[in-house]
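Data block for target-v1.cif (mmCIF, C-alpha atoms (C1' of nucleotides)):
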```
data_data
loop_
_atom_site.label_atom_id
_atom_site.label_comp_id
_atom_site.auth_asym_id
_atom_site.auth_seq_id
_atom_site.Cartn_x
_atom_site.Cartn_y
_atom_site.Cartn_z
CA MET A 1 -37.71 31.09 50.96
CA SER A 2 -34.63 31.23 53.15
CA LYS A 3 -32.27 34.13 52.90
CA GLY A 4 -29.51 32.01 51.47
CA ALA A 5 -31.62 30.57 48.69
CA ASP A 6 -32.82 34.04 47.85
CA THR A 7 -29.31 35.46 47.53
CA ARG A 8 -28.24 32.46 45.55
CA GLU A 9 -31.03 33.13 43.11
CA ARG A 10 -30.03 36.76 42.77
CA ILE A 11 -26.46 35.70 42.14
CA LEU A 12 -27.36 33.20 39.45
CA ASP A 13 -29.72 35.59 37.78
CA GLN A 14 -27.02 38.17 37.34
CA ALA A 15 -24.42 35.53 36.54
CA VAL A 16 -26.48 34.22 33.65
CA ARG A 17 -26.66 37.72 32.24
CA ILE A 18 -22.93 38.22 32.47
CA ALA A 19 -22.17 34.78 31.08
CA SER A 20 -24.39 35.41 28.09
CA ARG A 21 -22.25 38.38 27.21
CA ASP A 22 -18.76 37.39 28.35
CA GLY A 23 -19.02 33.64 28.39
CA LEU A 24 -18.51 31.30 31.30
CA GLY A 25 -14.82 32.04 31.23
CA GLY A 26 -15.37 35.77 31.26
CA LEU A 27 -17.56 35.47 34.31
CA THR A 28 -15.39 36.15 37.35
CA ILE A 29 -16.26 35.97 41.00
CA GLY A 30 -14.73 39.36 41.69
CA THR A 31 -16.78 41.18 39.07
CA LEU A 32 -19.94 39.32 39.92
CA SER A 33 -19.65 39.99 43.63
CA SER A 34 -18.96 43.68 43.22
CA GLU A 35 -21.89 44.12 40.85
CA LEU A 36 -24.13 42.53 43.45
CA LYS A 37 -22.48 44.37 46.33
CA LEU A 38 -21.43 41.18 47.97
CA SER A 39 -18.06 40.18 49.26
CA LYS A 40 -16.08 37.81 47.11
CA SER A 41 -15.87 35.23 49.86
CA GLY A 42 -19.53 35.57 50.73
CA LEU A 43 -20.53 34.85 47.18
CA PHE A 44 -17.98 32.13 46.83
CA SER A 45 -19.29 30.24 49.84
CA HIS A 46 -22.58 29.68 48.03
CA PHE A 47 -20.89 27.45 45.50
CA GLY A 48 -17.56 26.26 46.86
CA SER A 49 -15.77 26.42 43.55
CA LYS A 50 -15.88 28.24 40.29
CA ASP A 51 -16.64 25.04 38.45
CA GLU A 52 -19.72 24.56 40.55
CA LEU A 53 -20.76 28.16 39.98
CA GLN A 54 -20.46 27.66 36.24
CA LEU A 55 -22.49 24.50 36.43
CA GLN A 56 -25.23 26.22 38.39
CA VAL A 57 -25.23 29.09 35.93
CA LEU A 58 -25.84 26.61 33.14
CA HIS A 59 -28.64 24.99 35.10
CA ALA A 60 -30.24 28.36 35.67
CA ALA A 61 -29.88 29.33 32.03
CA VAL A 62 -31.42 26.13 30.77
CA ALA A 63 -34.28 26.48 33.24
CA LYS A 64 -34.86 30.02 32.02
CA PHE A 65 -34.88 28.83 28.44
CA ASN A 66 -37.40 26.13 29.18
CA GLU A 67 -39.58 28.64 30.95
CA THR A 68 -39.34 31.24 28.20
CA VAL A 69 -39.37 29.16 25.06
CA VAL A 70 -40.28 25.54 25.64
CA ARG A 71 -43.20 26.00 28.00
CA PRO A 72 -45.08 28.50 25.80
CA ALA A 73 -44.51 26.15 22.89
CA LEU A 74 -46.00 23.29 24.84
CA ALA A 75 -48.97 25.49 25.61
CA ALA A 76 -49.69 25.80 21.89
CA PRO A 77 -51.58 23.04 20.11
CA ARG A 78 -49.38 20.25 18.88
CA GLY A 79 -48.35 20.24 15.27
CA GLU A 80 -47.51 23.28 13.20
CA PRO A 81 -48.75 25.83 15.79
CA ARG A 82 -46.40 24.44 18.40
CA ILE A 83 -43.47 24.65 16.04
CA ARG A 84 -44.37 28.21 15.13
CA ALA A 85 -44.70 29.09 18.80
CA PHE A 86 -41.29 27.63 19.52
CA PHE A 87 -39.69 29.60 16.73
CA GLU A 88 -41.35 32.88 17.66
CA HIS A 89 -40.51 32.55 21.32
CA TRP A 90 -36.98 31.63 20.44
CA LEU A 91 -36.64 34.80 18.36
CA ALA A 92 -37.98 36.85 21.25
CA TRP A 93 -35.62 35.08 23.63
CA ALA A 94 -32.62 35.79 21.42
CA ASN A 95 -33.62 39.46 21.29
CA ASN A 96 -34.40 39.71 24.97
CA SER A 97 -32.64 42.82 26.14
CA ASP A 98 -31.95 41.56 29.62
CA MET A 99 -29.82 38.82 28.12
CA PRO A 100 -27.21 41.21 26.82
CA GLY A 101 -25.12 38.55 25.13
CA GLY A 102 -27.93 36.88 23.26
CA CYS A 103 -28.88 33.24 23.49
CA ILE A 104 -26.68 31.47 25.98
CA PHE A 105 -27.09 28.26 24.02
CA VAL A 106 -24.95 29.78 21.32
CA THR A 107 -22.34 31.30 23.61
CA ALA A 108 -21.93 28.27 25.82
CA SER A 109 -21.97 25.88 22.91
CA VAL A 110 -18.91 27.44 21.36
CA GLU A 111 -17.15 27.80 24.66
CA LEU A 112 -17.73 24.28 25.90
CA ASP A 113 -17.36 22.26 22.73
CA ASP A 114 -13.66 21.75 23.32
CA ARG A 115 -13.57 21.68 27.09
CA PRO A 116 -14.38 18.31 28.61
CA GLY A 117 -15.92 18.26 32.07
CA PRO A 118 -19.22 18.34 33.88
CA GLN A 119 -20.19 21.68 32.36
CA ARG A 120 -19.84 20.32 28.89
CA ASP A 121 -21.62 17.11 29.80
CA PHE A 122 -24.59 18.90 31.24
CA PHE A 123 -24.85 21.48 28.53
CA SER A 124 -24.36 19.10 25.66
CA LYS A 125 -27.25 17.06 27.00
CA ALA A 126 -29.42 20.16 27.35
CA TYR A 127 -28.62 21.17 23.79
CA GLY A 128 -29.45 17.68 22.60
CA ASP A 129 -32.72 17.87 24.50
CA ARG A 130 -33.63 21.00 22.59
CA ILE A 131 -33.00 19.28 19.29
CA ALA A 132 -34.93 16.24 20.47
CA PHE A 133 -37.82 18.47 21.46
CA LEU A 134 -37.92 19.89 17.96
CA ALA A 135 -37.76 16.47 16.38
CA LYS A 136 -40.63 15.29 18.55
CA ALA A 137 -42.64 18.38 17.72
CA ALA A 138 -42.12 17.58 14.06
CA ARG A 139 -43.28 14.00 14.57
CA LEU A 140 -46.43 15.28 16.22
CA ALA A 141 -46.94 17.57 13.25
CA VAL A 142 -46.72 14.54 11.01
CA GLU A 143 -49.24 12.71 13.17
CA THR A 144 -51.69 15.59 13.08
CA GLY A 145 -51.31 15.72 9.33
CA HIS A 146 -49.75 19.17 9.21
CA PHE A 147 -46.52 17.77 7.84
CA ARG A 148 -46.13 15.12 5.20
CA ALA A 149 -45.75 11.54 6.37
CA ASP A 150 -42.28 10.91 4.95
CA LEU A 151 -40.65 13.95 6.55
CA ASP A 152 -37.25 13.32 8.14
CA CYS A 153 -38.02 14.78 11.54
CA ASP A 154 -34.47 14.70 12.83
CA GLN A 155 -33.33 16.55 9.76
CA PHE A 156 -36.12 19.03 10.40
CA ALA A 157 -34.80 19.64 13.91
CA PHE A 158 -31.32 20.18 12.49
CA ASP A 159 -32.71 22.65 9.96
CA ILE A 160 -34.51 24.70 12.59
CA ASP A 161 -31.38 24.78 14.69
CA CYS A 162 -29.41 26.03 11.69
CA ILE A 163 -31.80 28.92 11.19
CA ALA A 164 -31.61 29.87 14.85
CA LEU A 165 -27.83 29.91 14.76
CA GLY A 166 -27.69 31.80 11.51
CA PHE A 167 -30.00 34.43 12.84
CA HIS A 168 -27.95 34.82 15.96
CA HIS A 169 -24.68 35.39 14.13
CA THR A 170 -26.17 37.60 11.46
CA HIS A 171 -28.00 39.67 14.01
CA ARG A 172 -25.32 39.98 16.65
CA LEU A 173 -22.02 40.06 14.83
CA LEU A 174 -23.06 41.66 11.57
CA ARG A 175 -25.88 43.68 13.15
CA ASP A 176 -27.75 43.06 9.93
CA PRO A 177 -31.20 44.63 10.34
CA GLN A 178 -32.57 42.08 7.90
CA ALA A 179 -31.47 39.14 10.03
CA GLN A 180 -34.88 38.50 11.47
CA GLN A 181 -36.55 38.76 8.10
CA ARG A 182 -34.08 36.30 6.59
CA ALA A 183 -34.61 33.87 9.43
CA ARG A 184 -38.38 34.07 9.05
CA PHE A 185 -38.11 33.54 5.33
CA ALA A 186 -35.98 30.46 5.81
CA PHE A 187 -38.39 29.22 8.45
CA GLU A 188 -41.43 29.63 6.23
CA ARG A 189 -39.70 27.90 3.35
CA LEU A 190 -38.78 25.02 5.61
CA LEU A 191 -42.36 24.71 6.79
CA THR A 192 -43.68 24.81 3.27
CA SER A 193 -41.31 22.12 2.14
CA SER A 194 -42.31 20.00 5.13
CA LYS A 195 -45.94 19.97 4.14
CA ALA A 196 -47.64 17.62 1.81
CA MET B 1 12.82 36.24 5.31
CA SER B 2 14.32 37.88 8.35
CA LYS B 3 14.53 35.99 11.59
CA GLY B 4 12.05 38.24 13.25
CA ALA B 5 9.39 37.81 10.60
CA ASP B 6 9.94 34.08 10.71
CA THR B 7 9.41 33.89 14.47
CA ARG B 8 6.41 36.10 14.20
CA GLU B 9 4.90 33.71 11.72
CA ARG B 10 5.54 30.75 13.98
CA ILE B 11 3.92 32.62 16.84
CA LEU B 12 0.81 33.51 14.89
CA ASP B 13 0.48 30.04 13.49
CA GLN B 14 0.37 28.51 16.94
CA ALA B 15 -1.72 31.36 18.30
CA VAL B 16 -4.43 30.76 15.70
CA ARG B 17 -4.55 27.13 16.74
CA ILE B 18 -4.92 27.99 20.41
CA ALA B 19 -7.46 30.71 19.73
CA SER B 20 -9.60 28.34 17.70
CA ARG B 21 -9.86 26.12 20.75
CA ASP B 22 -9.82 28.53 23.67
CA GLY B 23 -10.94 31.73 22.04
CA LEU B 24 -9.10 35.01 21.82
CA GLY B 25 -9.66 35.55 25.51
CA GLY B 26 -8.31 32.12 26.39
CA LEU B 27 -5.15 32.81 24.46
CA THR B 28 -2.56 34.06 26.92
CA ILE B 29 0.94 35.29 26.30
CA GLY B 30 2.38 33.10 29.02
CA THR B 31 0.94 29.87 27.63
CA LEU B 32 1.76 30.79 24.07
CA SER B 33 5.36 31.67 24.83
CA SER B 34 6.03 28.56 26.83
CA GLU B 35 4.54 26.33 24.14
CA LEU B 36 6.89 27.94 21.65
CA LYS B 37 9.83 27.93 24.05
CA LEU B 38 10.11 31.68 23.94
CA SER B 39 10.29 34.12 26.78
CA LYS B 40 7.15 36.01 27.56
CA SER B 41 8.80 39.35 26.96
CA GLY B 42 10.48 38.17 23.78
CA LEU B 43 7.17 37.15 22.33
CA PHE B 44 5.45 40.23 23.64
CA SER B 45 7.89 42.58 21.94
CA HIS B 46 6.70 41.32 18.57
CA PHE B 47 3.30 42.85 19.10
CA GLY B 48 3.52 45.48 21.80
CA SER B 49 0.15 44.69 23.32
CA LYS B 50 -2.27 41.87 23.70
CA ASP B 51 -4.87 43.73 21.67
CA GLU B 52 -2.45 43.91 18.77
CA LEU B 53 -1.63 40.23 19.13
CA GLN B 54 -5.32 39.37 18.97
CA LEU B 55 -5.76 41.54 15.93
CA GLN B 56 -2.85 39.87 14.16
CA VAL B 57 -4.22 36.47 15.08
CA LEU B 58 -7.48 37.40 13.42
CA HIS B 59 -5.63 38.63 10.34
CA ALA B 60 -3.70 35.38 10.16
CA ALA B 61 -6.85 33.31 10.62
CA VAL B 62 -8.75 35.12 7.91
CA ALA B 63 -5.77 34.81 5.56
CA LYS B 64 -5.64 31.09 6.25
CA PHE B 65 -9.35 30.79 5.57
CA ASN B 66 -9.03 32.60 2.29
CA GLU B 67 -6.15 30.37 1.32
CA THR B 68 -7.91 27.15 2.33
CA VAL B 69 -11.50 27.80 1.32
CA VAL B 70 -11.94 30.87 -0.83
CA ARG B 71 -9.03 30.39 -3.22
CA PRO B 72 -9.89 26.80 -4.16
CA ALA B 73 -13.47 27.94 -4.71
CA LEU B 74 -12.30 30.67 -7.01
CA ALA B 75 -10.29 28.08 -8.90
CA ALA B 76 -13.49 26.19 -9.70
CA PRO B 77 -15.67 27.33 -12.61
CA ARG B 78 -18.12 30.01 -11.69
CA GLY B 79 -21.69 29.00 -10.96
CA GLU B 80 -22.77 25.87 -9.17
CA PRO B 81 -19.32 24.20 -9.21
CA ARG B 82 -17.81 27.14 -7.39
CA ILE B 83 -20.50 27.01 -4.74
CA ARG B 84 -20.01 23.30 -4.32
CA ALA B 85 -16.27 23.80 -4.06
CA PHE B 86 -16.73 26.43 -1.39
CA PHE B 87 -18.99 24.20 0.65
CA GLU B 88 -16.75 21.15 0.39
CA HIS B 89 -13.64 23.08 1.29
CA TRP B 90 -15.44 24.70 4.15
CA LEU B 91 -16.40 21.28 5.51
CA ALA B 92 -12.81 20.13 5.22
CA TRP B 93 -11.64 23.32 6.91
CA ALA B 94 -14.04 22.86 9.80
CA ASN B 95 -12.77 19.30 10.25
CA ASN B 96 -9.12 20.20 9.86
CA SER B 97 -7.38 18.48 12.72
CA ASP B 98 -4.71 21.11 13.13
CA MET B 99 -7.40 23.61 13.96
CA PRO B 100 -8.35 21.91 17.20
CA GLY B 101 -11.19 24.28 18.02
CA GLY B 102 -12.89 24.12 14.67
CA CYS B 103 -13.67 27.05 12.46
CA ILE B 104 -12.35 30.23 13.99
CA PHE B 105 -15.14 32.16 12.29
CA VAL B 106 -17.57 30.54 14.67
CA THR B 107 -15.47 30.92 17.79
CA ALA B 108 -14.48 34.50 17.17
CA SER B 109 -17.95 35.49 16.05
CA VAL B 110 -19.48 34.55 19.38
CA GLU B 111 -16.65 36.04 21.35
CA LEU B 112 -16.54 39.36 19.57
CA ASP B 113 -20.20 40.06 18.95
CA ASP B 114 -20.54 41.93 22.23
CA ARG B 115 -17.09 43.44 22.52
CA PRO B 116 -16.61 46.67 20.61
CA GLY B 117 -13.12 47.48 19.42
CA PRO B 118 -10.77 47.02 16.50
CA GLN B 119 -10.90 43.23 16.75
CA ARG B 120 -14.64 43.25 16.35
CA ASP B 121 -14.47 45.80 13.55
CA PHE B 122 -11.99 43.80 11.58
CA PHE B 123 -13.61 40.46 12.11
CA SER B 124 -17.12 41.63 11.50
CA LYS B 125 -15.98 42.95 8.15
CA ALA B 126 -14.23 39.69 7.33
CA TYR B 127 -17.36 37.75 8.20
CA GLY B 128 -19.43 40.07 6.06
CA ASP B 129 -16.96 39.55 3.23
CA ARG B 130 -17.53 35.83 3.43
CA ILE B 131 -21.28 36.30 3.17
CA ALA B 132 -20.80 38.74 0.32
CA PHE B 133 -18.58 36.24 -1.46
CA LEU B 134 -21.36 33.67 -1.26
CA ALA B 135 -23.94 36.12 -2.49
CA LYS B 136 -21.76 37.03 -5.43
CA ALA B 137 -21.13 33.38 -6.22
CA ALA B 138 -24.89 32.88 -6.25
CA ARG B 139 -25.34 35.82 -8.63
CA LEU B 140 -22.77 34.29 -10.95
CA ALA B 141 -24.69 31.04 -10.78
CA VAL B 142 -27.78 32.91 -11.84
CA GLU B 143 -25.87 34.48 -14.73
CA THR B 144 -24.54 31.17 -15.91
CA GLY B 145 -28.06 29.77 -15.79
CA HIS B 146 -27.36 27.23 -13.05
CA PHE B 147 -29.71 28.99 -10.68
CA ARG B 148 -33.09 30.44 -11.48
CA ALA B 149 -33.24 34.10 -12.36
CA ASP B 150 -35.43 35.25 -9.49
CA LEU B 151 -33.29 33.72 -6.75
CA ASP B 152 -32.70 35.96 -3.73
CA CYS B 153 -28.92 35.70 -3.67
CA ASP B 154 -28.45 37.41 -0.33
CA GLN B 155 -30.92 35.01 1.21
CA PHE B 156 -28.97 32.19 -0.40
CA ALA B 157 -25.79 33.39 1.28
CA PHE B 158 -27.61 33.51 4.61
CA ASP B 159 -28.88 29.98 4.08
CA ILE B 160 -25.44 28.59 3.35
CA ASP B 161 -24.06 30.32 6.40
CA CYS B 162 -26.83 28.76 8.50
CA ILE B 163 -25.89 25.29 7.33
CA ALA B 164 -22.24 25.89 8.10
CA LEU B 165 -23.04 27.06 11.61
CA GLY B 166 -25.48 24.23 12.23
CA PHE B 167 -22.93 21.69 11.15
CA HIS B 168 -20.32 23.20 13.40
CA HIS B 169 -22.46 23.07 16.52
CA THR B 170 -23.93 19.66 15.80
CA HIS B 171 -20.54 18.23 15.04
CA ARG B 172 -18.53 19.81 17.82
CA LEU B 173 -20.84 20.12 20.77
CA LEU B 174 -23.12 17.17 20.19
CA ARG B 175 -20.46 15.10 18.44
CA ASP B 176 -23.27 13.84 16.28
CA PRO B 177 -21.70 11.52 13.69
CA GLN B 178 -24.53 12.37 11.32
CA ALA B 179 -23.72 16.08 11.38
CA GLN B 180 -21.93 16.06 8.07
CA GLN B 181 -24.64 14.03 6.40
CA ARG B 182 -27.32 16.42 7.67
CA ALA B 183 -25.38 19.43 6.45
CA ARG B 184 -24.91 17.88 3.02
CA PHE B 185 -28.58 17.04 2.83
CA ALA B 186 -29.57 20.60 3.68
CA PHE B 187 -27.05 21.87 1.16
CA GLU B 188 -28.36 19.71 -1.65
CA ARG B 189 -31.93 20.69 -0.89
CA LEU B 190 -30.95 24.35 -0.95
CA LEU B 191 -29.25 23.90 -4.29
CA THR B 192 -32.23 22.07 -5.72
CA SER B 193 -34.61 24.76 -4.59
CA SER B 194 -32.32 27.40 -6.12
CA LYS B 195 -32.55 25.90 -9.55
CA ALA B 196 -35.12 26.53 -12.18
"C1'" DG C 1 35.85 40.44 12.04
"C1'" DA C 2 34.06 44.92 14.04
"C1'" DC C 3 29.75 47.21 14.68
"C1'" DA C 4 25.04 48.79 14.55
"C1'" DA C 5 20.58 46.88 14.64
"C1'" DA C 6 17.36 43.52 15.54
"C1'" DA C 7 15.75 39.93 18.37
"C1'" DT C 8 15.34 37.58 22.62
"C1'" DA C 9 15.83 36.94 27.57
"C1'" DG C 10 15.48 38.12 32.56
"C1'" DC C 11 13.33 40.33 36.08
"C1'" DA C 12 9.99 43.12 38.48
"C1'" DC C 13 5.58 45.58 38.86
"C1'" DG C 14 0.67 46.01 39.97
"C1'" DA C 15 -3.77 43.99 39.16
"C1'" DC C 16 -6.84 40.40 39.39
"C1'" DC C 17 -7.73 35.48 39.65
"C1'" DG C 18 -9.81 31.43 42.66
"C1'" DT C 19 -9.52 29.91 47.23
"C1'" DT C 20 -8.96 29.49 52.41
"C1'" DC C 21 -9.78 30.77 57.07
"C1'" DG C 22 -11.15 33.01 61.14
"C1'" DT C 23 -14.54 36.20 62.63
"C1'" DA C 24 -18.62 38.93 62.74
"C1'" DT C 25 -23.20 39.54 61.71
"C1'" DT C 26 -27.87 38.18 60.78
"C1'" DC C 27 -31.46 35.03 60.42
"C1'" DT C 28 -34.52 31.24 62.26
"C1'" DC C 29 -36.75 28.70 65.57
"C1'" DT C 30 -38.29 27.43 70.13
"C1'" DA D 1 -35.72 36.75 73.95
"C1'" DG D 2 -31.96 33.95 73.42
"C1'" DA D 3 -29.41 29.85 71.57
"C1'" DG D 4 -27.67 27.95 67.59
"C1'" DA D 5 -27.31 27.78 62.83
"C1'" DA D 6 -26.93 30.08 58.60
"C1'" DT D 7 -24.92 33.65 56.14
"C1'" DA D 8 -21.70 37.29 55.06
"C1'" DC D 9 -17.34 39.68 55.61
"C1'" DG D 10 -12.16 40.96 55.56
"C1'" DA D 11 -7.72 39.84 55.02
"C1'" DA D 12 -4.43 37.04 53.05
"C1'" DC D 13 -2.39 33.24 50.06
"C1'" DG D 14 -0.08 31.60 45.79
"C1'" DG D 15 -0.62 32.07 40.86
"C1'" DT D 16 -1.13 34.11 36.49
"C1'" DC D 17 -2.27 37.94 33.83
"C1'" DG D 18 -0.38 41.97 30.71
"C1'" DT D 19 3.28 45.08 30.54
"C1'" DG D 20 7.36 47.86 31.38
"C1'" DC D 21 12.48 48.09 31.90
"C1'" DT D 22 17.38 46.65 31.13
"C1'" DA D 23 20.67 43.23 29.63
"C1'" DT D 24 22.32 39.89 26.51
"C1'" DT D 25 22.52 37.36 22.46
"C1'" DT D 26 21.94 36.92 17.56
"C1'" DT D 27 21.74 38.76 12.89
"C1'" DG D 28 23.09 41.22 8.84
"C1'" DT D 29 26.33 44.81 6.70
"C1'" DC D 30 30.76 46.98 5.60
#
```

How does this structure look as structure tokens?
Amino acid sequence: MSKGADTRERILDQAVRIASRDGLGGLTIGTLSSELKLSKSGLFSHFGSKDELQLQVLHAAVAKFNETVVRPALAAPRGEPRIRAFFEHWLAWANNSDMPGGCIFVTASVELDDRPGPQRDFFSKAYGDRIAFLAKAARLAVETGHFRADLDCDQFAFDIDCIALGFHHTHRLLRDPQAQQRARFAFERLLTSSKA
Amino acid sequence: MSKGADTRERILDQAVRIASRDGLGGLTIGTLSSELKLSKSGLFSHFGSKDELQLQVLHAAVAKFNETVVRPALAAPRGEPRIRAFFEHWLAWANNSDMPGGCIFVTASVELDDRPGPQRDFFSKAYGDRIAFLAKAARLAVETGHFRADLDCDQFAFDIDCIALGFHHTHRLLRDPQAQQRARFAFERLLTSSKA
DNA sequence: GACAAAATAGCACGACCGTTCGTATTCTCT
DNA sequence: AGAGAATACGAACGGTCGTGCTATTTTGTC
């Protein structure tokens, strides 16, 4: 790998961390460069604009999510196990200590929902992809007979998303130690009600 | 009402609107003052610091929420009707067009969850109060016999919160026209499963 | 209507923002 | 090893940020 690409990767890695905590808006080139012991202009020249940096941060974050959550889920057998794998890996992802601000899907979602532009376009699609992945996983679970045939799979995807968001807020803002337990309970109930 | 208090109210009213869209961090004194045709320093002198302004914005937002959602719910008969009233008024609140950024509980929650300080302290408590209100409403529903006796009321509060958050993200980021329908469906299912 | 008090404005400050540009350094390849 | 490209740096820019000061205007009271 060339030197430039290597630095760029280091930059984005740290930038994703900062953005998860402070948001895309709270991520500044000055702070980022000093944390990485780079000059502001040196860092800047990798991206050409802050908008582009933000966009690349989102790309990196989504890639990391796919690697950490989606891929292990795909490795599990289709049907209920895959859905369980997704949920468990998502919980681990949201608790991952080297993402100090929690799941970037939550942070960025709130930040971008009112700000038109390429960042929003990209991220909104990525978020939709996550929901679509869940809906498809549910359909496979219907096909394998784990879930009942008349299950509304899109509603199921919505429901899972709700639990993920609820956990995130309860865990991070309220610091409720029972957050995980509540999320698991809701998850199990949803699974039960999705079966025959 | 004195002139000063009147201006202060105008300031906070507009500030809440801006903060709902751009977050507390995106709310700047310069923008706010020019939108209200006030001088920066004139506005500033009402609060003495940006931290204090943010805190007062949160106070105003919570007060508005209580007025718009909690009070009408309290006006409904205790038990299931009150819970329905809360949910319906919350939906209306989250769609309120003069809150351009949606529910400030969502925005502020994400923004403050990693930022210690008086803003976080106040808001975290307010958020907890909302959950506690729901839990208490559920307990009253148990007492009136609308809900089954062995219902976990704190879990119920968590579940309602999940639906609210899921609706918000699905509606605002994905602009999914079915968001409201999905939220209502999840709500009805939760109510059904909470009954005898 | 004078007068104190409250409210608002004007101006300046240091800090940091994103960005540009010219230059120096370091890598990469033959 | 040396040429040429890739990469990084330093200084500076116009702007905006939050925040002090000092005036000036407005308000409410006798």

* Asked: Mind telling me what the PyMOL selection byres ((chain B and resi 88) around 12) catches here, as a list in words?
  ->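 Expected selection for the PyMOL selection byres ((chain B and resi 88) around 12) here is Thr68, Val69, Val70, Pro72, Ala73, Ala76, Pro81, Arg82, Ile83, Arg84, Ala85, Phe86, Phe87, His89, Trp90, Leu91, Ala92, Trp93, Ala94, Asn95, Ile160, Ala164, Gln180, Ala183, Arg184, Phe187 and Glu188 of chain B.
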
* Asked: Counting all atoms listed in the file, which residues of chain D come no farther than 9 Å from chain B, as a PyMOL selection string?
  -> chain D and resi 16-19+27

* To do: Just need the residues of chain A within 8 Å of chain B, counting all atoms listed in the file, so spit them out as number ranges by chain.
  => A: 21-23, 101, 106-107, 109-114, 124-125, 127-128, 155, 158-159, 161-163, 165-167, 169, 172-174, 182, 186

* Spatial neighbours of region 4-13 of chain C, 10 Å, all atoms listed in the file, chain gap at least 4 places, as a PyMOL selection string -> (chain B and resi 2-4+7+38-43+45-46) or (chain D and resi 19-29)

* Distance-based interface of chain C with chain A, 10 Å, counting all atoms listed in the file, as a PyMOL selection string -> chain C and resi 16-20+26-28

* Write out as a count of residues only each polymer residue whose atoms come within 12 Å of DC21 (chain C), counting all atoms listed in the file; drop sequence neighbours fewer than 6 positions from it. => 7

* To do: Choose the residue, out of A:Cys103, A:Leu24, A:Val57, A:Glu35, that has the smallest atom-to-atom separation from Arg8 (chain A); count all atoms listed in the file.
  =>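 Of the candidates, the smallest distance to Arg8 (chain A) is held by A:Val57.
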
* Which residues come within 6 Å of Arg148 (chain A), counting all atoms listed in the file, excluding same-chain residues fewer than 6 positions away, as an NGL selection string? -> :A and (142 or 195-196)

Suppose we keep C-alpha atoms; can you now write the selection as an mmCIF file, keeping the file's coordinate frame?
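Output saved as part19.cif:
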```
data_model
loop_
_atom_site.group_PDB
_atom_site.id
_atom_site.type_symbol
_atom_site.label_atom_id
_atom_site.label_comp_id
_atom_site.auth_asym_id
_atom_site.auth_seq_id
_atom_site.Cartn_x
_atom_site.Cartn_y
_atom_site.Cartn_z
ATOM 1 C CA VAL A 142 -46.720 14.540 11.010
ATOM 2 C CA LYS A 195 -45.940 19.970 4.140
ATOM 3 C CA ALA A 196 -47.640 17.620 1.810
#
```

Restore N, CA and C atoms in region 53-64 of chain B and list the result as a PDB file, in the coordinates of the input.
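So result03.pdb came out as:
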```pdb
ATOM      1  N   LEU B  53      -1.804  41.659  19.388  1.00  0.00           N
ATOM      2  CA  LEU B  53      -1.630  40.230  19.130  1.00  0.00           C
ATOM      3  C   LEU B  53      -2.942  39.612  18.653  1.00  0.00           C
ATOM      4  N   GLN B  54      -4.016  39.919  19.355  1.00  0.00           N
ATOM      5  CA  GLN B  54      -5.320  39.370  18.970  1.00  0.00           C
ATOM      6  C   GLN B  54      -5.697  39.789  17.554  1.00  0.00           C
ATOM      7  N   LEU B  55      -5.440  41.037  17.257  1.00  0.00           N
ATOM      8  CA  LEU B  55      -5.760  41.540  15.930  1.00  0.00           C
ATOM      9  C   LEU B  55      -4.966  40.788  14.854  1.00  0.00           C
ATOM     10  N   GLN B  56      -3.689  40.580  15.132  1.00  0.00           N
ATOM     11  CA  GLN B  56      -2.850  39.870  14.160  1.00  0.00           C
ATOM     12  C   GLN B  56      -3.266  38.414  14.036  1.00  0.00           C
ATOM     13  N   VAL B  57      -3.717  37.851  15.138  1.00  0.00           N
ATOM     14  CA  VAL B  57      -4.220  36.470  15.080  1.00  0.00           C
ATOM     15  C   VAL B  57      -5.425  36.401  14.156  1.00  0.00           C
ATOM     16  N   LEU B  58      -6.302  37.381  14.285  1.00  0.00           N
ATOM     17  CA  LEU B  58      -7.480  37.400  13.420  1.00  0.00           C
ATOM     18  C   LEU B  58      -7.071  37.571  11.953  1.00  0.00           C
ATOM     19  N   HIS B  59      -6.125  38.464  11.710  1.00  0.00           N
ATOM     20  CA  HIS B  59      -5.630  38.630  10.340  1.00  0.00           C
ATOM     21  C   HIS B  59      -5.104  37.304   9.801  1.00  0.00           C
ATOM     22  N   ALA B  60      -4.296  36.645  10.606  1.00  0.00           N
ATOM     23  CA  ALA B  60      -3.700  35.380  10.160  1.00  0.00           C
ATOM     24  C   ALA B  60      -4.778  34.337   9.903  1.00  0.00           C
ATOM     25  N   ALA B  61      -5.789  34.313  10.773  1.00  0.00           N
ATOM     26  CA  ALA B  61      -6.850  33.310  10.620  1.00  0.00           C
ATOM     27  C   ALA B  61      -7.647  33.554   9.351  1.00  0.00           C
ATOM     28  N   VAL B  62      -7.973  34.800   9.107  1.00  0.00           N
ATOM     29  CA  VAL B  62      -8.750  35.120   7.910  1.00  0.00           C
ATOM     30  C   VAL B  62      -7.928  34.801   6.660  1.00  0.00           C
ATOM     31  N   ALA B  63      -6.635  35.118   6.704  1.00  0.00           N
ATOM     32  CA  ALA B  63      -5.770  34.810   5.560  1.00  0.00           C
ATOM     33  C   ALA B  63      -5.754  33.308   5.307  1.00  0.00           C
ATOM     34  N   LYS B  64      -5.672  32.547   6.392  1.00  0.00           N
ATOM     35  CA  LYS B  64      -5.640  31.090   6.250  1.00  0.00           C
ATOM     36  C   LYS B  64      -6.958  30.583   5.664  1.00  0.00           C
TER      37      LYS B  64
END
```
